[in-house]
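The structure appears below as structure tokens.
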Amino acid sequence: MADNQNTEQKKPTLNPNSNIKKPKGSFNFYWIYGILAIVFLALQFYSWNGSNEKISFQKFEKDMLRSNDVEKIIVVNKDKAEIYIKKDKLSQEKYKNINKGVGGASNIGPHYYFEIGSVESFNQDLSKAKNDILATDTIGKTKDEKIKIINGLNIPIEYETESKWGQEILGWIIPIGLMILLWVFISRKMGGGMGGGQIFNIGKSKAQLFDKDTSVNINFNDVAGLEEAKVEIMEIVDFLKNPKKYTDLGGKIPKGALLVGPPGTGKTLLAKAVAGEAKVPFFSLSGSDFVEMFVGVGASRVRDLFRQAKEKAPCIIFIDEIDAIGRSRGRNPLGGSNDERENTLNQLLTEMDGFGTNVGVIILAATNRADILDRALMRAGRFDRQIHLELPDITERQAIFKVHIRQLKLDANVDTDFLAKQTPGFSGADIANLCNESALIAARNNKKLIDKQDFLDAIDRIVGGLEKRSKIISPDEKKVIAFHEAGHASVSWMLEYANPLIKVTIVPRGRALGAAWYLPEERQITTYEQMLDDITATLGGRAAEEVVFGKISSGALNDLEKVTKQSYAMIVYYGLNKTIGNISYYDSTGASEYSLNKPYSEYTAEVIDKELSKLIEMAYERAKKILVDNKENLAKLANRLLEKEVIFREDLEEIFGERPFNDVEINKLKDKKPKTPTSFPADVNDSLFENKV
């Protein structure tokens, strides 16, 4: 026990304030290069033999040559004369500045120098100076003194050619050094954290690995509204967890699944849920991660990705935005057959289902441009399944709302069923943005809870843009805007298949000076009558201007653009024109994307133009007739719009009476409409642009 106590007493205590010697850092090899550079520069600018001073030829003649102090002159490279002073003369007062060299050593020269234009001019100046000295300094001198002066002027002159090795070396070292530094900089930028960003790792895969050490918190419970897609994906996840269940029946797991859908429908979110559910290594990267400026890097990264995946099999590889490398080969008219992107795609095709096999490696990919992908990439054996994600319907939107409002502090009057009906055409990303925007609006109004009005205001903000009540609009312009929007509302009210109107406003929002809000019917197919009524209602704004004022303005730009595209689609794509017949020139494969020729003849183009104009004019005259028959009610509605700036469905019912058609969705919403006037979802049918031609 005593020994143990003594041993414990001898143990040093760790005091953070004590002077503990820290291990010295390792020597940095770059210090050697720094020291060599400093020494080299010192050699260039200072002479180890001492400093030499630049003087003029006149001073040389007056102070040195005349007093017989010069030992010799060396002409260097025919442009500089270096002067050496006699050793016994250096002790004089006038040479004290150059008497000592570096470190107190004797300065052996050269001591002075001056520039010369050429050797011939130097010789002439030197001879002239000697003659002047002989003519003046020998007067009255004895013979011995004259001989001494003459001997002092007999200075030896040497000629040397020095190579400026320092400048030549610098001329080589500096460009090479800059190239090396630039190379290192580029390699680190493109390395992007792989292996320290070294240039030798540029061909390594940049995929982010999620495994048991880096788990993903998102699972299928966080993915709402994609039930059919989740069934397909969960089957792949279930195979990775329980492969024997399928292999006992002789089945094989699909090698790849392609998620296809519009932006914001949840493709990447679904892949994150797979990473959270599968509990197997999950490699995630974007299609653009394969693309680099160096030739062969993309293919090298594909090889490295699959090499890592095989080592960790079973695993999943997710490639987001695969169209960055999966575009059809040969469709780029500006690129050659040896395009780097095509080389990357070829390597990807080989790895996915080439001669070798990738046992246990499943590929997930996402794109919203499936029509432009290469056919070889889409075939069975590579992507066996294509999972299409569409915009959510009303039931799916309700489920998505329930997911996104989990973290929100809501008032009791917020109903997800009501919000789902208010947001037709919204994607999952739009709904997430709507929930966040409603929270921001509630916080801006210093509310403790988010109520229904905040959600409705957020819908207006997202669809129509920010209100701009400060925009300067003249009374005449405001009147035109009011009749324009009232025209839309009146025509849509009197047409059976037009979308039910919810709200009309002449308050500027975004770029629009006025807007009409509708509640589109959720349908999968559209008839000729439905499209015609939609076009007629869209032209109601311009028709109202002509009926009331007898002239039209540039405010219908957005209307005309929409009508022209919709009418063209009816004739050319949907086969809804009797003259053209049951013909569609739509190319779903996208093969004619870069084609300069139209798929129809010039005669057919003329017929299409005539039928297009005929259809639009027919709808325009139809809208004018409706407004002429209801001109008095149109004026009442426009005046009320000028007075209140925002009107709702109730105002139209009061002026026009009950709508003669059954609005199923509107009737469902009547009982759930808030007591205070609110805005409704909107498909902004028209925007009245200021000074837009």
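By convention here, the chains of the structure tokens are called A, B, ... in the order presented, each chain's residues are numbered starting at 1, and ligands are numbered starting at 1 in the order presented.
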
Segment 602-613 of chain A: which residues within 8 Å, counting only C-alpha atoms, same-chain residues fewer than 4 positions away excluded, as a ChimeraX atom specification?
/A:564,567-568,571-572,577,579-580,617

10 Å contact set for segment 262-279 of chain A, only C-alpha atoms, chain neighbours under 5 positions out, as a PyMOL selection string
chain A and resi 209-212+215-226+229-230+233-234+236-241+284+315-321+364-369+387-392+426-432

DSSP-assigned strand (DSSP E or B) among segment 507-666 of chain A, expressed as a VMD selection string
chain A and resid 509 512 515 to 518 646 to 648

If we count only C-alpha atoms and set the cut-off at 6 Å, which residues sit around segment 533-536 of chain A, ignoring sequence neighbours fewer than 2 positions away in its own chain? Please answer as a PyMOL selection string.
chain A and resi 497-498+530-531+538-539+563+619+623

Residues of segment 572-617 of chain A in helix (DSSP H, G or I), written as a ChimeraX atom specification
/A:572-573,602-617

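Using only C-alpha atoms, the smallest distance between any of A:Tyr159, A:Arg327, A:Ile139, A:Tyr574 and Thr526 of chain A comes from A:Tyr574.
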
Mind pulling up the distance from atom CA of Asp451 of chain A to atom CA of Ala412 of chain A?
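We find that atom CA of Ala412 of chain A and atom CA of Asp451 of chain A lie 7.6 Å from each other.
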
Record the distance separating atom CA of Thr505 of chain A and atom CA of Ile462 of chain A, expressed in Å with one decimal.
15.4 Å

What gap, in Å, lies between atom CA of Gly251 of chain A and atom CA of Glu351 of chain A?
21.9 Å

Given only C-alpha atoms as the basis, pick out the residue of A:Ala376, A:Ile473, A:Leu434, A:Val646 nearest to Ala458 of chain A.
A:Leu434

For Lys409 of chain A, please output as a list in words all residues within 12 Å (counting only C-alpha atoms; exclusion window: fewer than 4 positions along the same chain).
His404, Ile405, Asn413, Val414, Cys435, Asn436, Ser438, Ala439, Leu440, Ala442, Ala443, Lys447, Lys448, Leu449, Ile450, Asp451 and Lys452 of chain A

Name the closest residue to Leu627 of chain A among the candidates A:Gln386, A:Ser490, A:Asn558, A:Ser584; distances are taken between atoms, counting only C-alpha atoms.
A:Ser490
